[in-house]
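Text of data-v3.cif, listed as mmCIF, C-alpha atoms:
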```cif
data_target
#
loop_
_atom_site.label_atom_id
_atom_site.label_comp_id
_atom_site.auth_asym_id
_atom_site.auth_seq_id
_atom_site.Cartn_x
_atom_site.Cartn_y
_atom_site.Cartn_z
CA MET A 1493 67.14 78.58 -67.98
CA ARG A 1494 67.21 74.83 -67.76
CA GLU A 1495 69.77 72.95 -69.72
CA LEU A 1496 69.95 69.23 -70.50
CA VAL A 1497 73.22 67.73 -69.34
CA THR A 1498 74.70 64.28 -69.83
CA PRO A 1499 76.96 62.28 -67.48
CA GLY A 1500 80.51 63.54 -67.24
CA GLU A 1501 79.58 67.06 -68.29
CA LEU A 1502 81.28 69.89 -66.42
CA LEU A 1503 78.77 71.90 -64.38
CA PHE A 1504 80.98 74.14 -62.25
CA GLU A 1505 84.67 74.94 -62.32
CA ARG A 1506 84.59 74.83 -58.52
CA PRO A 1507 83.48 72.12 -56.11
CA VAL A 1508 79.75 72.45 -55.45
CA ARG A 1509 77.95 69.90 -53.33
CA MET A 1510 74.69 68.99 -54.94
CA GLU A 1511 72.70 65.87 -55.64
CA TYR A 1512 73.38 63.73 -58.73
CA THR A 1513 76.82 65.25 -59.23
CA PHE A 1514 80.34 64.31 -58.25
CA ILE A 1515 83.44 66.32 -57.55
CA ASP A 1516 86.71 65.43 -59.17
CA ASN A 1517 89.84 67.57 -59.10
CA ASN A 1518 87.87 70.46 -57.55
CA ARG A 1519 85.34 70.53 -60.35
CA THR A 1520 81.71 69.49 -60.35
CA TYR A 1521 80.39 67.04 -62.93
CA ALA A 1522 76.99 65.50 -63.64
CA LYS A 1523 76.57 61.79 -63.07
CA VAL A 1524 73.13 61.39 -64.66
CA VAL A 1525 71.17 62.73 -67.60
CA GLY A 1526 69.19 65.60 -66.20
CA LEU A 1527 68.04 69.18 -66.31
CA PHE A 1528 70.53 71.60 -64.83
CA GLU A 1529 69.80 75.05 -63.50
CA LYS A 1530 72.96 77.00 -62.93
CA GLU A 1531 71.44 79.84 -60.87
CA ARG A 1532 69.74 77.55 -58.38
CA ALA A 1533 72.47 74.90 -58.58
CA THR A 1534 70.06 72.02 -59.05
CA LEU A 1535 70.18 68.98 -61.25
CA ILE A 1536 66.90 67.14 -61.79
CA PRO A 1537 67.50 63.62 -63.11
CA LEU A 1538 65.44 62.47 -66.09
CA GLU A 1539 66.19 58.80 -65.65
CA GLY A 1540 67.05 57.14 -62.45
CA ILE A 1541 66.73 54.49 -59.91
CA TRP A 1542 65.03 54.85 -56.62
CA THR A 1543 67.43 54.86 -53.73
CA PRO A 1544 65.31 54.00 -50.70
CA ARG A 1545 65.53 56.47 -47.86
CA ILE A 1546 64.19 56.29 -44.36
CA ASP A 1547 60.64 57.72 -44.08
CA ASP A 1548 59.87 57.23 -47.78
CA THR A 1549 56.24 56.29 -48.38
CA VAL A 1550 55.91 53.14 -50.48
CA VAL A 1551 53.06 51.12 -51.96
CA GLY A 1552 53.28 47.36 -52.37
CA THR A 1553 51.50 44.05 -52.18
CA VAL A 1554 51.76 41.46 -49.43
CA VAL A 1555 53.58 38.34 -50.61
CA LYS A 1556 53.53 36.16 -47.52
CA GLY A 1557 53.92 36.20 -43.78
CA ARG A 1558 52.07 35.90 -40.52
CA ASN A 1559 52.28 36.96 -36.88
CA SER A 1560 52.68 40.63 -37.86
CA VAL A 1561 55.75 40.04 -40.01
CA TYR A 1562 55.17 40.15 -43.75
CA GLU A 1563 57.19 40.16 -46.92
CA ILE A 1564 56.11 42.94 -49.26
CA ASP A 1565 56.60 43.21 -53.02
CA LEU A 1566 57.64 46.78 -53.81
CA SER A 1567 58.75 46.10 -57.41
CA TYR A 1568 62.26 46.65 -56.11
CA PHE A 1569 65.04 44.13 -56.10
CA LYS A 1570 65.71 44.27 -52.38
CA ARG A 1571 63.66 42.34 -49.87
CA SER A 1572 61.16 44.33 -47.84
CA ILE A 1573 59.73 43.25 -44.53
CA LEU A 1574 56.74 44.86 -42.88
CA ILE A 1575 56.49 44.69 -39.14
CA GLY A 1576 52.93 45.35 -38.01
CA GLY A 1577 51.50 46.01 -34.58
CA MET A 1578 50.75 43.15 -32.21
CA HIS A 1579 46.99 43.55 -32.02
CA GLU A 1580 46.17 44.43 -35.58
CA THR A 1581 44.25 42.30 -38.04
CA GLU A 1582 46.37 39.90 -40.01
CA LEU A 1583 47.20 40.76 -43.60
CA THR A 1584 46.64 38.24 -46.34
CA PRO A 1585 48.79 37.71 -49.42
CA GLY A 1586 47.67 39.91 -52.31
CA GLN A 1587 46.52 42.80 -50.15
CA VAL A 1588 47.80 46.20 -51.16
CA ILE A 1589 49.36 48.33 -48.46
CA GLN A 1590 50.92 51.71 -48.01
CA ALA A 1591 53.80 51.94 -45.55
CA GLN A 1592 56.84 53.92 -44.56
CA ILE A 1593 60.46 52.83 -44.51
CA LYS A 1594 61.67 52.50 -40.97
CA ASP A 1595 65.17 51.24 -41.60
CA ILE A 1596 67.45 49.78 -44.25
CA GLU A 1597 69.35 46.85 -42.84
CA ASP A 1598 72.82 46.10 -44.18
CA TYR A 1599 71.94 47.73 -47.53
CA ARG A 1600 69.89 44.61 -48.04
CA THR A 1601 66.49 44.57 -46.39
CA LEU A 1602 63.98 47.37 -46.13
CA ILE A 1603 62.06 47.41 -42.89
CA LEU A 1604 58.60 48.95 -43.20
CA PHE A 1605 56.19 50.19 -40.57
CA ARG A 1606 53.09 52.39 -40.15
CA HIS A 1607 51.18 50.45 -42.75
CA ARG A 1608 47.67 51.11 -44.00
CA VAL A 1609 45.63 48.66 -46.03
CA LEU A 1610 44.49 50.01 -49.40
CA SER A 1611 41.45 48.00 -50.37
CA GLY A 1612 40.00 47.93 -53.86
CA GLY A 1613 41.39 50.20 -56.54
CA VAL A 1614 44.06 49.60 -59.12
CA LEU A 1615 47.85 49.77 -59.13
CA ILE A 1616 49.94 51.27 -61.87
CA GLU A 1617 53.71 51.46 -62.10
CA ILE A 1618 55.74 54.40 -63.30
CA LYS A 1619 59.47 55.05 -63.37
CA PRO A 1620 60.60 55.96 -59.84
CA ALA A 1621 62.58 58.89 -61.26
CA LYS A 1622 59.33 60.56 -62.26
CA VAL A 1623 57.65 60.25 -58.86
CA PRO A 1624 58.79 63.66 -57.54
CA ARG A 1625 57.21 65.26 -60.61
CA LEU A 1626 53.97 63.36 -60.08
CA ILE A 1627 53.81 64.58 -56.50
CA GLY A 1628 54.77 68.11 -57.47
CA ARG A 1629 55.83 70.94 -55.24
CA ASN A 1630 53.69 70.74 -52.07
CA ASN A 1631 51.67 67.90 -53.62
CA THR A 1632 50.20 70.25 -56.25
CA MET A 1633 50.18 67.70 -59.05
CA VAL A 1634 48.60 64.82 -57.10
CA ASN A 1635 46.03 67.09 -55.52
CA GLN A 1636 45.11 68.54 -58.89
CA ILE A 1637 44.66 65.13 -60.48
CA SER A 1638 42.59 63.75 -57.64
CA GLU A 1639 40.43 66.89 -57.40
CA LEU A 1640 39.59 66.97 -61.09
CA THR A 1641 38.95 63.25 -61.46
CA GLY A 1642 37.58 62.49 -58.01
CA THR A 1643 40.07 59.67 -57.61
CA THR A 1644 41.85 58.87 -54.37
CA MET A 1645 45.56 58.44 -55.04
CA VAL A 1646 48.49 57.14 -53.07
CA VAL A 1647 51.90 57.60 -54.69
CA GLY A 1648 54.74 55.38 -53.48
CA MET A 1649 58.32 56.55 -53.89
CA ASN A 1650 59.01 53.12 -55.39
CA GLY A 1651 56.97 54.12 -58.44
CA VAL A 1652 53.79 52.23 -57.58
CA VAL A 1653 50.64 54.35 -57.66
CA TRP A 1654 47.33 53.26 -56.18
CA LEU A 1655 44.09 54.70 -57.54
CA ARG A 1656 40.49 54.24 -56.44
CA GLY A 1657 37.13 55.83 -57.16
CA GLY A 1658 36.17 58.64 -59.51
CA ASP A 1659 37.35 58.47 -63.08
CA VAL A 1660 40.22 56.01 -62.66
CA GLY A 1661 40.79 55.78 -66.41
CA LEU A 1662 41.28 59.50 -66.75
CA ALA A 1663 43.47 59.68 -63.67
CA THR A 1664 45.65 56.88 -65.06
CA GLU A 1665 45.95 58.80 -68.31
CA ALA A 1666 47.05 61.90 -66.40
CA VAL A 1667 49.63 59.95 -64.40
CA LEU A 1668 51.09 58.44 -67.56
CA LYS A 1669 51.14 61.89 -69.18
CA VAL A 1670 53.16 63.19 -66.25
CA GLU A 1671 55.55 60.25 -66.62
CA THR A 1672 56.22 60.79 -70.31
CA GLU A 1673 56.39 64.59 -70.14
CA ALA A 1674 58.09 64.98 -66.78
CA HIS A 1675 60.97 66.90 -68.32
CA MET A 1676 58.86 69.65 -69.88
CA GLN A 1677 57.96 72.90 -68.22
CA GLY A 1678 54.42 74.06 -67.55
CA LEU A 1679 53.26 70.50 -67.04
CA THR A 1680 50.82 71.24 -64.21
CA GLU A 1681 48.99 73.67 -66.51
CA ARG A 1682 48.81 71.23 -69.38
CA VAL A 1683 47.60 68.38 -67.19
CA ARG A 1684 44.87 70.64 -65.83
CA GLU A 1685 43.81 71.63 -69.35
CA MET A 1686 43.69 68.01 -70.42
CA LEU A 1687 41.65 66.96 -67.39
CA GLN A 1688 39.22 69.88 -67.69
CA GLN A 1689 38.65 69.16 -71.36
CA GLU A 1690 38.04 65.49 -70.70
CA THR A 1691 35.69 66.04 -67.75
CA LYS A 1692 33.55 68.55 -69.72
CA ARG A 1693 32.70 65.95 -72.31
CA MET B 46 90.33 33.96 -94.86
CA ALA B 47 92.94 36.62 -94.86
CA SER B 48 96.17 35.68 -96.53
CA LYS B 49 98.68 37.49 -98.68
CA ALA B 50 97.64 35.47 -101.73
CA ASN B 51 94.11 36.80 -102.01
CA LYS B 52 94.64 40.26 -100.56
CA PRO B 53 92.47 42.88 -102.28
CA ALA B 54 93.70 46.38 -102.98
CA LEU B 55 93.16 48.30 -99.76
CA LEU B 56 94.22 51.64 -101.15
CA ILE B 57 92.93 52.91 -104.47
CA ASP B 58 94.52 56.15 -105.73
CA GLY B 59 95.74 56.92 -102.22
CA LYS B 60 92.23 56.57 -100.77
CA ARG B 61 90.59 53.75 -98.88
CA ARG B 62 88.25 51.24 -100.47
CA ASP B 63 85.13 53.14 -99.53
CA GLY B 64 86.62 56.50 -100.45
CA ARG B 65 87.33 57.60 -96.90
CA GLY B 66 90.41 59.51 -95.82
CA PHE B 67 92.72 57.95 -93.23
CA GLY B 68 91.27 59.87 -90.31
CA ASP B 69 87.60 59.53 -91.30
CA LEU B 70 84.95 57.59 -89.44
CA ARG B 71 82.24 55.60 -91.11
CA PRO B 72 78.77 57.21 -90.91
CA LEU B 73 77.60 56.94 -87.31
CA ASN B 74 74.05 57.11 -86.08
CA ILE B 75 72.96 56.59 -82.47
CA GLU B 76 69.51 56.32 -80.92
CA ALA B 77 68.86 56.16 -77.19
CA GLY B 78 66.03 54.56 -75.24
CA ILE B 79 64.53 52.33 -77.90
CA LEU B 80 63.77 49.23 -75.82
CA LYS B 81 60.87 49.83 -73.48
CA ASN B 82 61.44 46.84 -71.21
CA ALA B 83 65.09 47.62 -70.54
CA ASP B 84 66.14 50.18 -67.94
CA GLY B 85 68.38 51.75 -70.54
CA SER B 86 69.03 51.00 -74.18
CA ALA B 87 70.69 52.25 -77.32
CA TYR B 88 70.95 51.34 -80.98
CA VAL B 89 74.03 52.17 -83.02
CA GLU B 90 74.51 52.05 -86.75
CA TRP B 91 78.16 52.52 -87.53
CA GLY B 92 78.87 51.93 -91.20
CA ASN B 93 77.47 48.46 -91.75
CA ASN B 94 77.61 47.59 -88.06
CA LYS B 95 74.26 47.41 -86.33
CA VAL B 96 74.45 47.07 -82.58
CA LEU B 97 71.80 46.93 -79.89
CA ALA B 98 72.73 47.53 -76.26
CA ALA B 99 70.52 47.12 -73.20
CA VAL B 100 71.20 47.78 -69.53
CA TYR B 101 69.31 46.34 -66.59
CA GLY B 102 69.88 47.17 -62.99
CA PRO B 103 70.48 47.49 -60.21
CA ARG B 104 68.82 44.15 -59.59
CA GLU B 105 69.28 41.13 -57.38
CA VAL B 106 72.62 39.37 -57.83
CA GLN B 107 72.41 35.98 -59.52
CA PRO B 108 74.04 33.69 -58.47
CA ARG B 109 73.92 35.00 -54.93
CA HIS B 110 77.49 34.11 -53.95
CA THR B 111 78.91 36.54 -56.51
CA ALA B 112 77.37 39.48 -54.63
CA ASP B 113 79.64 42.11 -53.15
CA PRO B 114 78.26 43.79 -50.00
CA LEU B 115 80.15 46.99 -50.76
CA ARG B 116 79.61 47.53 -54.46
CA ALA B 117 77.63 46.45 -57.47
CA VAL B 118 78.87 43.76 -59.80
CA ILE B 119 78.68 44.24 -63.54
CA LYS B 120 77.83 41.33 -65.80
CA CYS B 121 78.40 41.93 -69.44
CA ARG B 122 77.36 39.82 -72.37
CA TYR B 123 78.59 40.55 -75.86
CA ALA B 124 77.02 38.33 -78.48
CA MET B 125 76.91 38.23 -82.22
CA ALA B 126 73.65 37.21 -83.78
CA PRO B 127 73.96 34.06 -85.89
CA PHE B 128 72.95 36.10 -88.94
CA SER B 129 75.25 39.01 -88.16
CA SER B 130 78.23 38.41 -90.28
CA ILE B 131 79.58 38.62 -93.79
CA GLY B 132 82.49 36.48 -92.65
CA GLU B 133 82.67 33.45 -90.45
CA HIS B 134 81.97 35.02 -87.05
CA GLY B 135 78.66 34.77 -85.36
CA ARG B 136 77.97 31.14 -84.74
CA THR B 137 75.40 30.69 -82.00
CA GLY B 138 76.47 30.63 -78.38
CA PRO B 139 79.37 32.16 -76.56
CA ASN B 140 82.77 31.38 -78.00
CA ARG B 141 86.30 32.32 -77.00
CA ARG B 142 86.10 35.61 -78.81
CA ALA B 143 82.74 36.65 -77.34
CA ILE B 144 83.85 35.74 -73.82
CA GLU B 145 86.99 37.84 -74.23
CA ILE B 146 85.09 40.85 -75.52
CA SER B 147 82.51 40.53 -72.75
CA LYS B 148 85.34 40.60 -70.23
CA VAL B 149 87.16 43.64 -71.62
CA THR B 150 83.87 45.50 -72.00
CA ARG B 151 82.99 44.73 -68.40
CA GLU B 152 86.33 46.09 -67.29
CA VAL B 153 85.80 49.30 -69.25
CA PHE B 154 82.51 49.95 -67.47
CA GLU B 155 83.76 48.95 -64.04
CA ASN B 156 85.90 52.08 -64.28
CA VAL B 157 83.01 54.31 -65.16
CA VAL B 158 79.92 53.18 -63.22
CA MET B 159 79.81 54.33 -59.61
CA LEU B 160 79.62 50.83 -58.24
CA SER B 161 79.76 51.69 -54.54
CA GLU B 162 76.45 53.57 -54.88
CA PHE B 163 74.65 50.29 -55.50
CA PRO B 164 75.93 47.78 -52.95
CA ASN B 165 74.74 44.20 -53.10
CA SER B 166 73.34 44.50 -56.56
CA GLN B 167 74.02 43.53 -60.12
CA ILE B 168 74.10 45.53 -63.33
CA ASN B 169 73.61 43.68 -66.59
CA ILE B 170 74.94 45.03 -69.86
CA PHE B 171 73.85 43.22 -73.00
CA ILE B 172 75.45 43.97 -76.33
CA GLU B 173 73.95 42.27 -79.33
CA ILE B 174 75.62 42.58 -82.72
CA LEU B 175 72.89 42.37 -85.33
CA GLN B 176 75.14 43.00 -88.29
CA SER B 177 78.90 43.10 -88.21
CA ASP B 178 81.46 44.73 -90.42
CA GLY B 179 84.60 45.12 -88.33
CA GLY B 180 85.05 47.15 -85.16
CA THR B 181 82.06 45.66 -83.38
CA ARG B 182 83.64 45.73 -79.94
CA ALA B 183 84.17 49.47 -80.35
CA ALA B 184 80.62 49.93 -81.58
CA GLY B 185 79.37 47.77 -78.69
CA ILE B 186 81.15 49.86 -76.06
CA THR B 187 79.94 53.09 -77.66
CA ALA B 188 76.36 51.78 -77.64
CA ALA B 189 76.52 50.38 -74.11
CA SER B 190 77.72 53.67 -72.72
CA VAL B 191 74.69 55.48 -74.17
CA ALA B 192 72.46 52.73 -72.78
CA LEU B 193 74.05 53.17 -69.33
CA ALA B 194 73.44 56.91 -69.39
CA ASP B 195 69.87 56.26 -70.51
CA SER B 196 69.31 53.87 -67.60
CA GLY B 197 69.97 56.56 -65.01
CA LEU B 198 72.71 54.65 -63.25
CA TYR B 199 75.36 56.95 -61.82
CA ILE B 200 78.30 57.09 -64.20
CA ARG B 201 81.39 59.24 -64.25
CA ASP B 202 81.62 59.58 -67.97
CA MET B 203 80.31 58.42 -71.33
CA VAL B 204 82.95 56.20 -72.84
CA TYR B 205 83.49 55.99 -76.57
CA SER B 206 85.57 53.53 -78.48
CA VAL B 207 87.07 53.28 -81.95
CA SER B 208 89.86 51.31 -83.55
CA VAL B 209 92.94 52.40 -85.46
CA GLY B 210 94.60 50.08 -87.92
CA LYS B 211 97.55 50.05 -90.24
CA ILE B 212 96.85 49.31 -93.88
CA ASP B 213 99.67 49.21 -96.40
CA GLY B 214 101.93 50.94 -93.90
CA LYS B 215 99.57 53.82 -93.18
CA LEU B 216 97.51 54.47 -90.06
CA ALA B 217 93.78 54.43 -90.73
CA LEU B 218 90.89 55.05 -88.38
CA ASP B 219 87.88 52.79 -87.91
CA LEU B 220 88.72 49.78 -90.09
CA ASP B 221 85.94 47.83 -91.72
CA MET B 222 85.96 44.04 -91.96
CA ILE B 223 88.00 43.69 -95.19
CA GLU B 224 90.55 46.30 -94.10
CA ASP B 225 90.80 44.62 -90.71
CA ASN B 226 91.34 41.14 -92.16
CA TYR B 227 94.21 42.27 -94.37
CA SER B 228 95.67 44.97 -92.14
CA GLU B 229 99.12 44.88 -90.60
CA ALA B 230 97.79 46.01 -87.25
CA ASP B 231 94.54 46.84 -85.51
CA MET B 232 94.12 48.58 -82.17
CA PRO B 233 90.72 49.21 -80.54
CA VAL B 234 90.85 51.96 -77.94
CA ALA B 235 88.19 53.06 -75.44
CA ILE B 236 88.46 56.54 -73.95
CA ALA B 237 86.71 58.34 -71.12
CA PRO B 238 86.57 61.81 -72.66
CA ARG B 239 86.33 63.82 -69.42
CA ASN B 240 90.06 63.51 -68.85
CA ASN B 241 90.98 61.27 -71.78
CA GLU B 242 91.65 58.19 -69.71
CA ILE B 243 92.35 55.08 -71.76
CA LEU B 244 90.09 52.29 -70.51
CA LEU B 245 90.73 49.70 -73.21
CA LEU B 246 93.68 49.18 -75.46
CA GLN B 247 94.11 45.95 -77.33
CA MET B 248 96.42 45.39 -80.24
CA ASP B 249 96.84 42.92 -83.05
CA GLY B 250 100.01 43.23 -85.12
CA ASN B 251 102.85 45.66 -84.76
CA TYR B 252 103.10 49.37 -84.22
CA SER B 253 106.15 51.45 -83.60
CA ARG B 254 106.14 53.76 -80.61
CA GLU B 255 105.54 56.85 -82.74
CA GLU B 256 102.71 55.12 -84.54
CA ILE B 257 100.95 54.42 -81.26
CA ASP B 258 101.25 58.07 -80.30
CA ARG B 259 99.83 59.12 -83.65
CA ALA B 260 97.10 56.48 -83.42
CA ILE B 261 95.97 57.74 -80.00
CA ASP B 262 95.89 61.29 -81.38
CA MET B 263 93.67 60.11 -84.23
CA VAL B 264 91.34 58.42 -81.73
CA LEU B 265 91.09 61.54 -79.59
CA GLU B 266 90.36 63.67 -82.63
CA ALA B 267 87.63 61.32 -83.90
CA GLY B 268 86.33 60.93 -80.36
CA LYS B 269 85.01 64.48 -80.37
CA THR B 270 82.60 63.49 -83.14
CA ILE B 271 81.59 60.21 -81.46
CA SER B 272 81.08 61.87 -78.07
CA ALA B 273 78.96 64.59 -79.62
CA LYS B 274 76.81 61.97 -81.38
CA GLN B 275 76.35 60.02 -78.14
CA ARG B 276 75.21 63.06 -76.22
CA GLU B 277 73.03 64.22 -79.08
CA ALA B 278 71.29 60.83 -79.06
CA LEU B 279 70.40 61.28 -75.39
CA ARG B 280 69.26 64.86 -75.97
CA SER B 281 67.01 64.00 -78.87
CA SER B 282 65.31 61.26 -76.87
CA TYR B 283 63.97 64.15 -74.77
CA SER B 284 62.95 66.49 -77.53
CA GLY B 285 61.76 69.78 -76.17
CA ALA B 286 63.42 69.21 -72.84
CA SER B 287 65.35 72.45 -72.55
CA ARG B 288 62.33 74.63 -73.24
#
```
Would you mind giving the structure from this file in structure tokens?
Amino acid sequence: MRELVTPGELLFERPVRMEYTFIDNNRTYAKVVGLFEKERATLIPLEGIWTPRIDDTVVGTVVKGRNSVYEIDLSYFKRSILIGGMHETELTPGQVIQAQIKDIEDYRTLILFRHRVLSGGVLIEIKPAKVPRLIGRNNTMVNQISELTGTTMVVGMNGVVWLRGGDVGLATEAVLKVETEAHMQGLTERVREMLQQETKR
Amino acid sequence: MASKANKPALLIDGKRRDGRGFGDLRPLNIEAGILKNADGSAYVEWGNNKVLAAVYGPREVQPRHTADPLRAVIKCRYAMAPFSSIGEHGRTGPNRRAIEISKVTREVFENVVMLSEFPNSQINIFIEILQSDGGTRAAGITAASVALADSGLYIRDMVYSVSVGKIDGKLALDLDMIEDNYSEADMPVAIAPRNNEILLLQMDGNYSREEIDRAIDMVLEAGKTISAKQREALRSSYSGASR
């Protein structure tokens, strides 16, 4: 049974260490609006900001740079720097890339590495809090969307999604459906139904 | 303006001008998440007050030198729309009063937002009074706290705020503009309901010690209603969420 909780609500009368909660006076409280499951002791936030973590996959556009050091726009307020390999082709401003976070320097600058150029396609932005739902458990949701629409997708933890090929319009619709209905159960089923209906036509 | 000469009757047959009892709130209605561009937002109608609150952040600190490498800084702007008022408030631009209210509101939320989770960043809280009828700072704080929860920033609690005044020698909750102008005292209070911490307490006029105790009790009693409305607003913005 999932229950919607609001910040400051008491979750446990004892201290329980879990994400998106805080412990005060040996009691556990929520610090975000989210869905709480008492049995599994999980709180899934419904709104939220992305806190960058090392190894997160991100999608962004090149802003400027040369000699293998580039500034990347991740739609995030902190500066991100991509450090490429020595003998790779130079990136040009405007190119879309996928990369991983190597390090977060002084809480200020994200250092990216292992980049891959994503050519063509379109970018859409969703709320970073909904990204885990879009990926799904073991990538089920992304795989389902790309199988049924034939679109190649790359989902960045920063909330930027890259789509290319297949029925991009339909895939975009599915992604936005996941974003608006992320808090409802049985979403994977409903997205499949929607996609199957649309592809039949 | 308010003077003894033109004071209207504040109590009619032992009741207040609008027929409320002394511990009654004005009708309160809260909606969460109504501005799409903001990270979090809320709209509050509290009697004749209409308040819009928006929260942005964490974002880059502007100007840069105000940044704190260990925690977020909150910037708060309370403003009355030029068309907001039935009285003389609400001229354009920040004035003494708006700057003061922005400051006390900021200090309320500095106690509630988990600032150290967002180092080197800035959180903007905007409170816009569209229509005012007394008690707008309380309505603003109540709205901003829903907007903060809606933004997904980490907060310890959802603050509510309400004022208690003294009209014709009697304590009365949630004064409107006329009652406020001719009251003997007015005291806005902001409370963090989790452990009933007082985060804001300002006072105009005089209260005795016992009256303050009684006033705080009235606030805590009314706060249950306000808190419930705030949380209900968040819930109903996700209709069908618990199923």
Taking (69.3, 59.7, -69.2) in the file's coordinates, which residues come within 9 Å, counting only C-alpha atoms, written as a list in words?
Val1497, Thr1498, Pro1499, Val1524, Val1525, Gly1526, Pro1537, Leu1538, Glu1539 and Gly1540 of chain A; Ala77, Gly78, Gly85, Val191, Ala192, Leu193, Ala194, Asp195, Ser196, Gly197, Leu198, Leu279, Arg280, Ser282 and Tyr283 of chain B
Starting from the PyMOL selection byres ((chain A) within 8 of (chain B)), expand the selection into actual residues of this file and give them as a compact mmCIF listing (two decimals) with C-alpha atoms, in the coordinates of the input.
```txt
# COMPACT_ATOMS: atom_id res chain seq x y z
CA MET A 1493 67.14 78.58 -67.98
CA ARG A 1494 67.21 74.83 -67.76
CA GLU A 1495 69.77 72.95 -69.72
CA LEU A 1496 69.95 69.23 -70.50
CA THR A 1498 74.70 64.28 -69.83
CA PRO A 1499 76.96 62.28 -67.48
CA GLY A 1500 80.51 63.54 -67.24
CA GLU A 1501 79.58 67.06 -68.29
CA TYR A 1512 73.38 63.73 -58.73
CA PHE A 1514 80.34 64.31 -58.25
CA TYR A 1521 80.39 67.04 -62.93
CA ALA A 1522 76.99 65.50 -63.64
CA LYS A 1523 76.57 61.79 -63.07
CA VAL A 1524 73.13 61.39 -64.66
CA VAL A 1525 71.17 62.73 -67.60
CA LEU A 1527 68.04 69.18 -66.31
CA PRO A 1537 67.50 63.62 -63.11
CA LEU A 1538 65.44 62.47 -66.09
CA GLU A 1539 66.19 58.80 -65.65
CA GLY A 1540 67.05 57.14 -62.45
CA ILE A 1541 66.73 54.49 -59.91
CA TYR A 1568 62.26 46.65 -56.11
CA PHE A 1569 65.04 44.13 -56.10
CA LYS A 1570 65.71 44.27 -52.38
CA TYR A 1599 71.94 47.73 -47.53
CA ARG A 1600 69.89 44.61 -48.04
CA HIS A 1675 60.97 66.90 -68.32
CA MET A 1676 58.86 69.65 -69.88
CA GLN A 1677 57.96 72.90 -68.22
```
Could you list, as number ranges by chain, every residue matched by the PyMOL selection byres ((chain B and resi 181) around 12) in this structure?
B: 89-98, 123-126, 129-130, 134-135, 142-143, 146-147, 150, 172-180, 182-189, 206-208, 219-222, 225, 233
Skip Met248 in chain B itself and residues of its chain fewer than 5 positions away, then list as a PyMOL selection string all residues within 12 Å of it, counting only C-alpha atoms.
chain B and resi 208-211+225+228-234+253+257+260
May I have the centre and edge lengths, in Å to one decimal, of an axis-aligned box around the listed atoms of range 1597-1613 of chain A with 4 Å added to every side, as JSON?
```
{"center_x": 56.4, "center_y": 48.5, "center_z": -48.3, "size_x": 40.8, "size_y": 15.8, "size_z": 24.4}
```
Written as a list in words, what is the full residue list that the PyMOL selection byres ((chain A and resi 1607-1620) around 8) yields on the file shown?
Gly1540, Ile1541, Trp1542, Leu1574, Gly1576, Gln1587, Val1588, Ile1589, Gln1590, Ala1591, Gln1592, Leu1604, Phe1605, Arg1606, Ala1621, Lys1622, Val1623, Met1649, Asn1650, Gly1651, Val1652, Val1653, Trp1654, Leu1655, Arg1656, Gly1657, Thr1664, Leu1668 and Glu1671 of chain A
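Between CA of Asp113 in chain B and CA of Leu160 in chain B lies a distance of 10.1 Å.
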Separation of CA of Leu1662 in chain A and CA of Met1633 in chain A, in Å?
14.3 Å
Quick one: pull the distance between CA of Asn1518 in chain A and CA of Ala273 in chain B, Å, one decimal.
24.5 Å
With all atoms listed in the file as the counted atoms, please give the residues lying no more than 10 Å from Val149 in chain B, apart from itself and same-chain residues fewer than 6 positions off, as number ranges by chain.
B: 121, 155, 182, 186, 244-247
Could you tell me which of B:Ala50, B:Ile170, B:Tyr88, B:Gln107 comes closest to Ile75 in chain B if we count all atoms listed in the file?
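The shortest atom-to-atom distance to Ile75 in chain B comes from B:Tyr88.
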Taking into account only C-alpha atoms, which residue in the set A:Leu1535, A:Val1670, A:Leu1640, A:Ile1546 is nearest to Leu1602 in chain A?
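Among the listed residues, the smallest separation from Leu1602 in chain A belongs to A:Ile1546.
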Which is closer to Glu1511 in chain A than all the others in A:Ala1533, A:Val1561, A:Ala1663, A:Leu1626, using all atoms listed in the file?
A:Ala1533
For Gly1577 in chain A, which residue out of A:Ser1560, A:Leu1502, A:Glu1681, A:Asp1565 is the nearest one, using only C-alpha atoms?
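Selected residue with least distance to Gly1577 in chain A: A:Ser1560.
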Please write C-alpha atoms of range 174-187 of chain B, from the structure given just now, as a PDB file, in the first residue's frame.
```
ATOM      1  CA  ILE B 174       0.007  39.688  -3.161  1.00  0.00           C
ATOM      2  CA  LEU B 175      -2.672  40.052  -5.813  1.00  0.00           C
ATOM      3  CA  GLN B 176      -5.372  41.245  -3.478  1.00  0.00           C
ATOM      4  CA  SER B 177      -4.890  42.221   0.124  1.00  0.00           C
ATOM      5  CA  ASP B 178      -7.217  42.343   3.073  1.00  0.00           C
ATOM      6  CA  GLY B 179      -5.055  42.135   6.171  1.00  0.00           C
ATOM      7  CA  GLY B 180      -2.776  39.295   7.226  1.00  0.00           C
ATOM      8  CA  THR B 181      -0.941  39.084   3.918  1.00  0.00           C
ATOM      9  CA  ARG B 182       2.405  38.196   5.441  1.00  0.00           C
ATOM     10  CA  ALA B 183       0.774  35.208   7.114  1.00  0.00           C
ATOM     11  CA  ALA B 184      -0.945  34.231   3.884  1.00  0.00           C
ATOM     12  CA  GLY B 185       2.351  34.698   2.022  1.00  0.00           C
ATOM     13  CA  ILE B 186       4.261  32.392   4.361  1.00  0.00           C
ATOM     14  CA  THR B 187       1.504  29.790   4.218  1.00  0.00           C
TER      15      THR B 187
END
```
